[in-house]
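Data block below; observations after.
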Amino acid sequence: MCGRFTITLPIDELMLHYLIQESAIFNYMPRYNAAPMQFIPAIIRGKTGNRLGELRWGLVPSWAKDDKIGSKMINARAETLTEKPSFARLLASRRCIIPADGFYEWQQRDGIKQPYRIVMQDGGPFSLAGLYDIWTDADGNKLATCTIITTEPNALMAEIHNRMPVILRQEDEAEWLARDHADVPALLRLLRPYDAEQMRAYPVSSKVGNVRNDSPELLEEVK
């Protein structure tokens with residue numbers, strides 16, 4: 001499961017990193033504890049290039065009767081994407097990237113749950129693979145939502161948890177976002193554990209467990 005992440009990059013650096021020409025986020029703020037059912041930054045490929053906007057985390061399929069299902073669909077397993085009606089269609093047509101510079105996971109040991117923040121060795125941003133959909137309520141109001149894809153853990157994550165989010169290699173980002181790319185087998189090959197040697201993990205405060213906490217102190221390593 002991937003249930004919390006951080007994106008603290010200034011918006012100008014974020015747009016430069018992803019070659020974004022257009023942003024629909026007017027009040028961008030660093031996120032130190034992004035959580036499900038919140039609106040989070042996301043990137044899709046528009047007609048004229050990459051676009052930055054916000055999606056609510058927790059997928060609501062276009063065919064859903066109401067939006068309550070979103071809280072149960074924050075993650076999608078890479079291994080079973082094509083078996084789930086909610087995800088199979090989106091894999092071929094509605095893919096997105098959720099930019100991050102860290103994510104949290106909890107290690108359970110001796111009855112104690114210790115949160116860790118997992119980052120790149122160089123501290124830079126990275127791309128979480130996601131799917132999105134647009135749901136319309138009875139009054140015609142549209143809600144754009146997303147889910148983060150997870151996969152088996154790499155060697156680093158295996159010590160902490162039995163799942164990890166799919167982190168796209170930088171050279172695969174354009175392929176994942178391509179509007180005209182519907183080769184499902186090729187897309188599935190991108191959804192594999194990231195190189196553990198490029199990542200590191202460190203323990204952080206248990207305060208990250210409360211979604212109301214969203215401040216820089218959550219990033220600090222604890223002993």
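Order determines the names: the first chain of the structure tokens is A, the second B, and so forth; residues in each chain are numbered 1 upward, and ligands are numbered 1 upward as they are shown.
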Which neighbours of Ala76 (chain A) fall inside 10 Å, counting only C-alpha atoms, when residues of the same chain fewer than 5 positions from it are skipped, and could you give them as a ChimeraX atom specification?
/A:1-2,59,81,84,86-87,130-131,146-151,165
Looking only at the backbone, which of the residues in region 22-205 of chain A does DSSP tag as strand (DSSP E or B), as a PyMOL selection string?
chain A and resi 22-23+31-34+39-46+49-57+75-77+95-100+102-109+112-120+126-136+142-151+164-165+167-168+199-204
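Taking CA of Asn154 (chain A) and CA of Gln170 (chain A) as the two end points, the separation is 17.7 Å.
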Residues of region 35-75 of chain A classed as helix (DSSP H, G or I) by DSSP on the backbone are to be reported as an mmCIF file with all heavy atoms, in the first residue's frame.
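Listing of out_23.cif after writing:
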```cif
data_model
loop_
_atom_site.group_PDB
_atom_site.id
_atom_site.type_symbol
_atom_site.label_atom_id
_atom_site.label_comp_id
_atom_site.auth_asym_id
_atom_site.auth_seq_id
_atom_site.Cartn_x
_atom_site.Cartn_y
_atom_site.Cartn_z
ATOM 1 N N ASP A 67 -19.474 8.732 -5.150
ATOM 2 C CA ASP A 67 -18.025 8.903 -5.034
ATOM 3 C C ASP A 67 -17.435 8.294 -3.766
ATOM 4 O O ASP A 67 -16.238 8.412 -3.514
ATOM 5 C CB ASP A 67 -17.654 10.384 -5.106
ATOM 6 C CG ASP A 67 -18.174 11.186 -3.924
ATOM 7 O OD1 ASP A 67 -19.056 10.686 -3.207
ATOM 8 O OD2 ASP A 67 -17.689 12.315 -3.717
ATOM 9 N N LYS A 68 -18.250 7.594 -2.977
ATOM 10 C CA LYS A 68 -17.754 7.017 -1.731
ATOM 11 C C LYS A 68 -16.737 5.903 -1.978
ATOM 12 O O LYS A 68 -15.911 5.607 -1.119
ATOM 13 C CB LYS A 68 -18.924 6.482 -0.900
ATOM 14 C CG LYS A 68 -19.878 7.562 -0.416
ATOM 15 C CD LYS A 68 -21.039 6.975 0.361
ATOM 16 C CE LYS A 68 -22.006 8.050 0.817
ATOM 17 N NZ LYS A 68 -23.171 7.482 1.550
ATOM 18 N N ILE A 69 -16.801 5.292 -3.145
ATOM 19 C CA ILE A 69 -15.896 4.196 -3.462
ATOM 20 C C ILE A 69 -14.437 4.656 -3.514
ATOM 21 O O ILE A 69 -13.511 3.860 -3.379
ATOM 22 C CB ILE A 69 -16.290 3.554 -4.820
ATOM 23 C CG1 ILE A 69 -15.573 2.218 -5.020
ATOM 24 C CG2 ILE A 69 -16.016 4.506 -5.981
ATOM 25 C CD1 ILE A 69 -16.029 1.483 -6.277
ATOM 26 N N GLY A 70 -14.231 5.954 -3.674
ATOM 27 C CA GLY A 70 -12.879 6.482 -3.818
ATOM 28 C C GLY A 70 -11.943 6.137 -2.674
ATOM 29 O O GLY A 70 -10.766 5.857 -2.884
ATOM 30 N N SER A 71 -12.452 6.123 -1.455
ATOM 31 C CA SER A 71 -11.606 5.846 -0.295
ATOM 32 C C SER A 71 -11.069 4.425 -0.286
ATOM 33 O O SER A 71 -10.095 4.129 0.411
ATOM 34 C CB SER A 71 -12.384 6.107 1.002
ATOM 35 O OG SER A 71 -13.507 5.236 1.097
ATOM 36 N N LYS A 72 -11.697 3.536 -1.068
ATOM 37 C CA LYS A 72 -11.267 2.145 -1.128
ATOM 38 C C LYS A 72 -10.374 1.868 -2.331
ATOM 39 O O LYS A 72 -9.918 0.731 -2.505
ATOM 40 C CB LYS A 72 -12.489 1.221 -1.188
ATOM 41 C CG LYS A 72 -13.432 1.362 -0.004
ATOM 42 C CD LYS A 72 -14.655 0.481 -0.171
ATOM 43 C CE LYS A 72 -15.630 0.641 0.988
ATOM 44 N NZ LYS A 72 -16.839 -0.207 0.819
#
```
One decimal, in Å: what's the spacing between CA of Asp101 (chain A) and CA of Lys142 (chain A)?
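Here the two named atoms are 29.1 Å from each other.
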Would you mind reading off the distance between CA of Gln121 (chain A) and CA of Phe103 (chain A), one decimal, in Å?
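According to the coordinates, CA of Gln121 (chain A) and CA of Phe103 (chain A) are separated by 13.3 Å.
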Shell of 12 Å around Asp133 (chain A), only C-alpha atoms, local chain residues under 4 positions omitted, as a ChimeraX atom specification:
/A:44,55-64,67,70,73,86-96,142-147
Residues within 9 Å of Ile167 (chain A), only C-alpha atoms, excluding chain neighbours under 5 positions, as a list in words
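In the requested form, the answer reads Phe126, Ser127, Leu128, Ala129, Ile149, Thr150, Leu191, Arg192, Pro193 and Tyr194 of chain A.
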Considering only C-alpha atoms, give me a table of residues in region 82-171 of chain A that are at most 9 Å from region 8-15 of chain A, with the closest atom pair and distance in Å for each, as a tab-separated table.
```
residue	atom	partner	partner_atom	distance
A:Pro99	CA	A:Leu14	CA	8.2
A:Ala100	CA	A:Thr8	CA	7.8
A:Asp101	CA	A:Thr8	CA	6.9
A:Gly102	CA	A:Thr8	CA	9.0
A:Gly124	CA	A:Leu9	CA	8.8
A:Pro125	CA	A:Leu9	CA	7.6
```
Go ahead and dump the residues you just picked, C-alpha atoms, as a tab-separated table (two decimals), in the first residue's frame.
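Done, and the output landed in part23.tsv:
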```tsv
chain	number	residue	atom	x	y	z
A	99	PRO	CA	5.15	13.84	-8.77
A	100	ALA	CA	6.79	13.14	-5.42
A	101	ASP	CA	10.08	13.61	-3.61
A	102	GLY	CA	9.39	11.04	-0.91
A	124	GLY	CA	15.43	14.68	-6.23
A	125	PRO	CA	11.84	14.31	-7.44
```
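Between Glu197 (chain A) and the candidates A:Met120, A:Ala178, A:Val222, A:Val166, the tightest atom-to-atom separation, counting only C-alpha atoms, involves A:Met120.
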Nearest-residue call for Glu22 (chain A), choices A:Ala34, A:Ile74, A:Ile43, A:Leu190, using only C-alpha atoms
A:Ile43
Closest of A:Ile98, A:Ile134, A:Ala201, A:Met164 to Ile7 (chain A) - atom-to-atom distances counting only C-alpha atoms:
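Counting only C-alpha atoms, the residue closest to Ile7 (chain A) is A:Ile98.
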With distances taken over only C-alpha atoms, which residue among A:Leu177, A:Val119, A:Ile40, A:Leu188 lies nearest Ala78 (chain A)?
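Closest residue, counting only C-alpha atoms: A:Leu188.
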With only C-alpha atoms as the basis for distance, which of A:Pro216, A:Pro203, A:Gly209, A:Gly3 is at the shortest distance from Arg117 (chain A)?
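Residue with the minimum atom-to-atom distance to Arg117 (chain A): A:Pro203.
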So, counting only C-alpha atoms, which residue among A:Asn27, A:Thr82, A:Gln114, A:Thr136 is closest to Asp66 (chain A)?
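The answer is A:Thr136, which sits nearest to Asp66 (chain A).
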